[in-house]
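Student: Hey, dropping target07.txt in here, compact mmCIF, C-alpha atoms and all ligand atoms:
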# COMPACT_ATOMS: atom_id res chain seq x y z
CA MET A 1 145.78 124.55 174.35
CA ASP A 2 144.52 121.52 172.34
CA MET A 3 146.85 118.80 170.97
CA THR A 4 146.89 120.22 167.42
CA SER A 5 148.00 123.63 168.54
CA VAL A 6 150.61 122.10 170.87
CA GLN A 7 152.02 120.22 167.84
CA ASP A 8 151.82 123.38 165.72
CA LEU A 9 153.72 125.34 168.34
CA ASP A 10 156.32 122.58 168.54
CA LEU A 11 156.81 122.64 164.76
CA GLN A 12 156.93 126.42 164.65
CA PHE A 13 159.44 126.54 167.48
CA ARG A 14 161.65 123.97 165.71
CA ALA A 15 161.37 125.99 162.48
CA ALA A 16 162.29 129.19 164.34
CA MET A 17 165.30 127.55 166.02
CA ARG A 18 166.60 126.47 162.60
CA LYS A 19 167.14 130.21 161.96
CA LEU A 20 169.42 130.45 165.00
CA ALA A 21 173.08 130.06 164.00
CA SER A 22 175.38 128.98 166.83
CA THR A 23 179.04 128.21 167.22
CA VAL A 24 179.61 124.50 167.63
CA THR A 25 181.48 123.54 170.78
CA VAL A 26 182.62 120.30 172.34
CA VAL A 27 182.08 120.09 176.08
CA THR A 28 184.65 117.91 177.83
CA ALA A 29 184.74 116.53 181.34
CA ARG A 30 186.39 113.68 183.22
CA GLN A 31 184.47 111.33 185.45
CA ALA A 32 186.67 108.92 187.42
CA ASP A 33 189.22 107.89 184.78
CA GLU A 34 186.89 108.25 181.82
CA HIS A 35 187.01 111.14 179.39
CA HIS A 36 183.72 112.43 178.04
CA GLY A 37 183.05 114.84 175.19
CA MET A 38 179.86 116.01 173.50
CA ALA A 39 178.99 118.46 170.72
CA ALA A 40 176.89 121.32 172.08
CA THR A 41 175.51 124.55 170.66
CA ALA A 42 173.39 125.43 173.69
CA VAL A 43 176.30 127.35 175.20
CA THR A 44 175.93 130.97 176.26
CA SER A 45 178.02 133.47 178.12
CA LEU A 46 176.23 134.32 181.34
CA SER A 47 178.08 137.14 183.08
CA MET A 48 181.43 138.90 183.21
CA ASP A 49 181.08 139.42 186.95
CA PRO A 50 181.73 136.72 187.84
CA PRO A 51 183.06 135.38 184.52
CA SER A 52 180.63 132.56 183.82
CA LEU A 53 178.80 130.65 181.12
CA LEU A 54 176.08 128.06 180.84
CA VAL A 55 175.61 124.91 178.84
CA CYS A 56 172.31 123.03 178.46
CA VAL A 57 172.61 119.24 178.35
CA ASN A 58 169.91 116.68 177.72
CA ARG A 59 169.52 114.31 180.66
CA THR A 60 169.67 111.33 178.27
CA ALA A 61 173.18 112.26 177.05
CA SER A 62 176.07 110.31 178.57
CA MET A 63 177.75 113.68 179.17
CA HIS A 64 175.02 114.54 181.64
CA SER A 65 176.14 112.26 184.45
CA ALA A 66 179.78 113.10 183.75
CA LEU A 67 179.09 116.83 184.14
CA HIS A 68 176.84 116.24 187.12
CA ARG A 69 179.75 114.62 188.96
CA SER A 70 182.64 116.73 187.64
CA ALA A 71 184.21 119.69 189.37
CA LEU A 72 185.69 121.00 186.13
CA PHE A 73 184.69 121.04 182.51
CA CYS A 74 185.95 122.69 179.34
CA ILE A 75 184.06 124.33 176.48
CA ASN A 76 186.09 123.87 173.30
CA LEU A 77 184.92 126.21 170.54
CA LEU A 78 185.27 124.49 167.17
CA GLY A 79 186.90 126.12 164.17
CA GLU A 80 185.99 125.98 160.48
CA GLN A 81 188.35 123.03 160.01
CA HIS A 82 186.64 120.96 162.71
CA GLY A 83 183.65 119.54 160.81
CA PRO A 84 184.73 115.95 161.53
CA LEU A 85 184.73 116.73 165.28
CA CYS A 86 181.18 118.05 165.05
CA GLU A 87 180.10 114.71 163.59
CA ALA A 88 182.16 112.50 165.90
CA PHE A 89 181.14 114.28 169.11
CA GLY A 90 177.59 114.81 167.90
CA GLY A 91 176.82 111.10 168.02
CA LYS A 92 178.62 109.43 165.09
CA LEU A 93 181.18 107.94 167.50
CA THR A 94 180.62 106.94 171.12
CA GLY A 95 182.60 107.19 174.36
CA ALA A 96 186.34 107.78 174.41
CA ALA A 97 186.62 106.79 170.70
CA ARG A 98 185.47 110.33 169.91
CA PHE A 99 188.85 111.67 171.06
CA ALA A 100 190.57 109.81 168.20
CA VAL A 101 189.30 112.70 166.05
CA GLY A 102 191.25 115.95 166.59
CA GLU A 103 194.31 116.85 168.64
CA TRP A 104 193.60 116.67 172.35
CA ALA A 105 195.72 117.44 175.41
CA SER A 106 195.05 117.26 179.13
CA GLY A 107 194.57 120.48 181.03
CA GLU A 108 193.19 121.50 184.42
CA ASP A 109 192.45 118.41 186.49
CA GLU A 110 193.09 116.19 183.45
CA VAL A 111 190.13 117.62 181.53
CA ARG A 112 190.83 117.26 177.82
CA TYR A 113 191.05 120.31 175.59
CA LEU A 114 191.30 120.69 171.82
CA ILE A 115 194.76 122.06 171.04
CA ASP A 116 193.87 123.98 167.85
CA ALA A 117 190.47 125.27 168.99
CA PRO A 118 189.71 128.98 168.42
CA ALA A 119 189.15 129.06 172.19
CA ASN A 120 189.07 126.73 175.19
CA ILE A 121 187.18 127.90 178.25
CA PHE A 122 187.88 125.97 181.43
CA CYS A 123 185.15 126.19 184.04
CA ARG A 124 184.50 125.07 187.56
CA LEU A 125 180.95 123.74 187.90
CA ASP A 126 179.10 126.24 190.07
CA GLU A 127 175.37 125.52 189.81
CA GLN A 128 172.97 123.27 187.96
CA HIS A 129 169.26 123.67 187.32
CA ASP A 130 166.92 121.11 185.81
CA TYR A 131 164.41 122.37 183.27
CA GLY A 132 162.24 120.06 181.18
CA THR A 133 164.40 117.44 179.48
CA HIS A 134 167.62 119.36 180.11
CA THR A 135 169.93 120.54 182.87
CA ILE A 136 171.49 123.99 182.75
CA PHE A 137 175.07 123.71 183.99
CA ILE A 138 176.61 127.00 185.10
CA GLY A 139 180.38 127.20 185.02
CA ARG A 140 182.65 129.76 186.65
CA VAL A 141 185.45 130.49 184.19
CA VAL A 142 188.85 129.64 185.65
CA ARG A 143 191.16 129.72 182.62
CA VAL A 144 190.94 130.60 178.94
CA ARG A 145 193.05 129.86 175.86
CA VAL A 146 192.31 131.94 172.76
CA MET A 147 193.77 131.58 169.29
CA GLU A 148 193.92 134.97 167.62
CA ASP A 149 193.12 133.80 164.08
CA GLY A 150 190.63 131.04 164.91
CA LYS A 151 187.43 131.18 162.85
CA PRO A 152 184.29 129.65 164.40
CA LEU A 153 182.36 126.70 162.99
CA LEU A 154 178.67 127.58 162.85
CA TYR A 155 175.65 125.27 162.92
CA GLN A 156 172.37 126.36 161.36
CA ALA A 157 169.39 124.46 159.93
CA GLY A 158 171.24 121.16 160.31
CA ALA A 159 174.27 122.35 158.32
CA ILE A 160 177.73 123.55 159.30
CA GLY A 161 179.62 126.44 157.79
CA GLY A 162 181.69 129.55 158.37
CA PHE A 163 180.86 133.12 159.28
CA LEU A 164 180.66 135.71 156.51
CA ALA A 165 180.94 139.31 157.71
CA ILE A 166 178.75 141.75 155.77
CA ARG A 167 180.14 144.89 157.37
C1 LIG B 1 175.81 120.58 166.22
C2 LIG B 1 175.24 119.84 167.40
C3 LIG B 1 174.89 120.55 168.53
C4 LIG B 1 174.38 119.88 169.65
N1 LIG B 1 174.06 120.61 170.77
C5 LIG B 1 173.62 119.97 171.87
C6 LIG B 1 173.38 120.70 173.07
O1 LIG B 1 173.59 121.91 173.16
N2 LIG B 1 172.94 120.01 174.16
C7 LIG B 1 172.71 118.65 174.11
O2 LIG B 1 172.30 118.08 175.14
N3 LIG B 1 172.96 117.93 172.99
C8 LIG B 1 173.42 118.56 171.88
N4 LIG B 1 173.69 117.84 170.75
C9 LIG B 1 173.47 116.39 170.74
C10 LIG B 1 174.62 115.65 171.42
O3 LIG B 1 175.88 116.01 170.89
C11 LIG B 1 174.42 114.13 171.25
O4 LIG B 1 173.15 113.80 171.72
C12 LIG B 1 175.45 113.40 172.05
O5 LIG B 1 176.69 113.41 171.37
C13 LIG B 1 175.03 111.98 172.34
O6 LIG B 1 176.07 111.38 173.06
P1 LIG B 1 175.88 110.05 173.87
O7 LIG B 1 175.41 109.00 172.86
O8 LIG B 1 177.24 109.75 174.42
O9 LIG B 1 174.86 110.30 174.94
C14 LIG B 1 174.22 118.48 169.62
C15 LIG B 1 174.59 117.75 168.47
C16 LIG B 1 175.10 118.42 167.38
C17 LIG B 1 175.53 117.63 166.16
How would this structure read if it were set down as structure tokens?
Tutor:
Amino acid sequence: MDMTSVQDLDLQFRAAMRKLASTVTVVTARQADEHHGMAATAVTSLSMDPPSLLVCVNRTASMHSALHRSALFCINLLGEQHGPLCEAFGGKLTGAARFAVGEWASGEDEVRYLIDAPANIFCRLDEQHDYGTHTIFIGRVVRVRVMEDGKPLLYQAGAIGGFLAIR
């Protein structure tokens, strides 16, 4: 493939991914005594047997080394009211200052979780696989909190919004 078509493919792939709506989450982990959190949409359920999910994290993100060294992490699904968390944990704020936005508590192994999240999924890190610029972290689900009425915050084409059921 020549350079032009590589660039074309890159642009087309980016354009295609802008059509993919995903629930915004904040991944949290603790490394030594430091709390880390990062907005992530590359989160997917993997299997029910065993209950597991995966999250893809760029190796340049500060969360990467935290996850790499953590036994436990938590996927906090954001709700419609959590736009400010999406911004703060998506890069507007850095380090532990991010946790000044939203209501956080300490759960399993002192990993922070968002109290009013539609769901918090606590995982034990099971496997990790490097691919390109990212690492796929596979977590075995160990505990779940679910809020019955929680409505997910979606991210699509660089915007955030809610889900509208059509049937
Ligand atoms: C809505 C949204 C979704 C994101 N999803 C991911 C993701 O799935 N994986 C990832 O590595 N970065 C993702 N990012 C980017 C990271 O949140 C961002 O690079 C990170 O907060 C940078 O933190 P750092 O400066 O502490 O390294 C996302 C950002 C936003 C706003």
Student: Find the distance between atom CA of A:Ile75 and atom CA of A:Val141 and write it in Å to one decimal.
Tutor: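 According to the coordinates, atom CA of A:Ile75 and atom CA of A:Val141 are separated by 10.0 Å.
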Student: Pick the closest to A:Leu154 from A:Ser65, A:Thr25, A:Gln7, A:Gln31: which is it, counting all atoms listed in the file?
Tutor: A:Thr25
Student: Listing only residues of chain A within 9 Å of ligand LIG 1 (chain B), what is the closest atom pair and its distance in Å (to one decimal) for each, using all atoms listed in the file, sorted by chain and residue number ascending, as JSON lines?
Tutor:
{"residue": "A:Ser22", "atom": "CA", "partner": "B:LIG1", "partner_atom": "C1", "distance": 8.4}
{"residue": "A:Thr23", "atom": "CA", "partner": "B:LIG1", "partner_atom": "C1", "distance": 8.3}
{"residue": "A:Val24", "atom": "CA", "partner": "B:LIG1", "partner_atom": "C1", "distance": 5.6}
{"residue": "A:Thr25", "atom": "CA", "partner": "B:LIG1", "partner_atom": "C3", "distance": 7.6}
{"residue": "A:Val26", "atom": "CA", "partner": "B:LIG1", "partner_atom": "O3", "distance": 8.1}
{"residue": "A:His36", "atom": "CA", "partner": "B:LIG1", "partner_atom": "O8", "distance": 7.9}
{"residue": "A:Gly37", "atom": "CA", "partner": "B:LIG1", "partner_atom": "O5", "distance": 7.6}
{"residue": "A:Met38", "atom": "CA", "partner": "B:LIG1", "partner_atom": "O5", "distance": 4.6}
{"residue": "A:Ala39", "atom": "CA", "partner": "B:LIG1", "partner_atom": "O3", "distance": 4.0}
{"residue": "A:Ala40", "atom": "CA", "partner": "B:LIG1", "partner_atom": "N1", "distance": 3.2}
{"residue": "A:Thr41", "atom": "CA", "partner": "B:LIG1", "partner_atom": "O1", "distance": 4.1}
{"residue": "A:Ala42", "atom": "CA", "partner": "B:LIG1", "partner_atom": "O1", "distance": 3.6}
{"residue": "A:Val43", "atom": "CA", "partner": "B:LIG1", "partner_atom": "O1", "distance": 6.4}
{"residue": "A:Val55", "atom": "CA", "partner": "B:LIG1", "partner_atom": "O1", "distance": 6.7}
{"residue": "A:Cys56", "atom": "CA", "partner": "B:LIG1", "partner_atom": "N2", "distance": 5.3}
{"residue": "A:Val57", "atom": "CA", "partner": "B:LIG1", "partner_atom": "O2", "distance": 3.4}
{"residue": "A:Asn58", "atom": "CA", "partner": "B:LIG1", "partner_atom": "O2", "distance": 3.8}
{"residue": "A:Arg59", "atom": "CA", "partner": "B:LIG1", "partner_atom": "O2", "distance": 7.2}
{"residue": "A:Thr60", "atom": "CA", "partner": "B:LIG1", "partner_atom": "O9", "distance": 6.3}
{"residue": "A:Ala61", "atom": "CA", "partner": "B:LIG1", "partner_atom": "O9", "distance": 3.3}
{"residue": "A:Ser62", "atom": "CA", "partner": "B:LIG1", "partner_atom": "O9", "distance": 3.8}
{"residue": "A:Met63", "atom": "CA", "partner": "B:LIG1", "partner_atom": "O9", "distance": 6.1}
{"residue": "A:His64", "atom": "CA", "partner": "B:LIG1", "partner_atom": "O2", "distance": 7.9}
{"residue": "A:Cys86", "atom": "CA", "partner": "B:LIG1", "partner_atom": "C17", "distance": 5.8}
{"residue": "A:Glu87", "atom": "CA", "partner": "B:LIG1", "partner_atom": "C17", "distance": 6.0}
{"residue": "A:Ala88", "atom": "CA", "partner": "B:LIG1", "partner_atom": "O5", "distance": 7.8}
{"residue": "A:Phe89", "atom": "CA", "partner": "B:LIG1", "partner_atom": "O5", "distance": 5.1}
{"residue": "A:Gly90", "atom": "CA", "partner": "B:LIG1", "partner_atom": "O3", "distance": 3.6}
{"residue": "A:Gly91", "atom": "CA", "partner": "B:LIG1", "partner_atom": "O5", "distance": 4.1}
{"residue": "A:Lys92", "atom": "CA", "partner": "B:LIG1", "partner_atom": "O5", "distance": 7.7}
{"residue": "A:Leu93", "atom": "CA", "partner": "B:LIG1", "partner_atom": "O7", "distance": 7.9}
{"residue": "A:Thr94", "atom": "CA", "partner": "B:LIG1", "partner_atom": "O8", "distance": 5.5}
{"residue": "A:Gly95", "atom": "CA", "partner": "B:LIG1", "partner_atom": "O8", "distance": 5.9}
{"residue": "A:His134", "atom": "CA", "partner": "B:LIG1", "partner_atom": "O2", "distance": 6.9}
{"residue": "A:Thr135", "atom": "CA", "partner": "B:LIG1", "partner_atom": "O2", "distance": 8.5}
{"residue": "A:Leu154", "atom": "CA", "partner": "B:LIG1", "partner_atom": "C1", "distance": 8.3}
{"residue": "A:Tyr155", "atom": "CA", "partner": "B:LIG1", "partner_atom": "C1", "distance": 5.7}
{"residue": "A:Gln156", "atom": "CA", "partner": "B:LIG1", "partner_atom": "C1", "distance": 8.3}
{"residue": "A:Gly158", "atom": "CA", "partner": "B:LIG1", "partner_atom": "C1", "distance": 7.5}
{"residue": "A:Ala159", "atom": "CA", "partner": "B:LIG1", "partner_atom": "C1", "distance": 8.2}
{"residue": "A:Ile160", "atom": "CA", "partner": "B:LIG1", "partner_atom": "C1", "distance": 7.8}
Student: Determine the nearest neighbour of A:Asn120 from the options A:Cys74, A:Ala97, A:Leu20, A:Ala29, counting all atoms listed in the file.
Tutor: A:Cys74
Student: So what do you get for atom CA of A:Gly139 versus atom CA of A:Arg124, distance-wise?
Tutor: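 Taking atom CA of A:Gly139 as the start and atom CA of A:Arg124 as the end point, the length is 5.3 Å.
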Student: Enter the distance from atom CA of A:Tyr131 to atom CA of A:Arg30, in Å, rounded to one decimal.
Tutor: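 Those two atoms sit 23.6 Å apart.
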Student: Using only C-alpha atoms, can you tell me which of A:Ala66, A:Leu72, A:Val27, A:Met48 comes closest to A:Glu110?
Tutor: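 Of A:Ala66, A:Leu72, A:Val27, A:Met48, the one nearest A:Glu110 is A:Leu72, counting only C-alpha atoms.
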Student: Using all atoms listed in the file, can you list as a list in words the residues within 10 Å of (180.9, 133.1, 174.7)?
Tutor: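 The requested residues, written out, are Thr23, Val43, Thr44, Ser45, Leu46, Ser47, Ser52, Leu53, Leu54, Ile75, Leu77, Ala119 and Ile121 of chain A.
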Student: At a cut-off of 9 Å, using all atoms listed in the file, what residues contact A:Gly102? Leave out same-chain residues fewer than 4 positions from it and give the result as number ranges by chain.
Tutor: A: 82, 84-85, 98, 114-116
Student: I'd like to know which of A:Leu164, A:Ala96, A:Leu125, A:Val6 is closest to A:Arg112, using only C-alpha atoms.
Tutor: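 Among the listed residues, the smallest separation from A:Arg112 belongs to A:Ala96.
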Student: With all atoms listed in the file as the atoms that count, which of A:Met147, A:Leu9, A:Glu34, A:Val101 lies nearest to A:Leu67?
Tutor: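 Once distances to A:Leu67 are computed over all atoms listed in the file, the minimum belongs to A:Glu34.
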Student: Would you mind telling me which residue in A:Phe137, A:Phe163, A:Phe73, A:Phe13 lies nearest to A:Ser106 when using all atoms listed in the file?
Tutor: A:Phe73
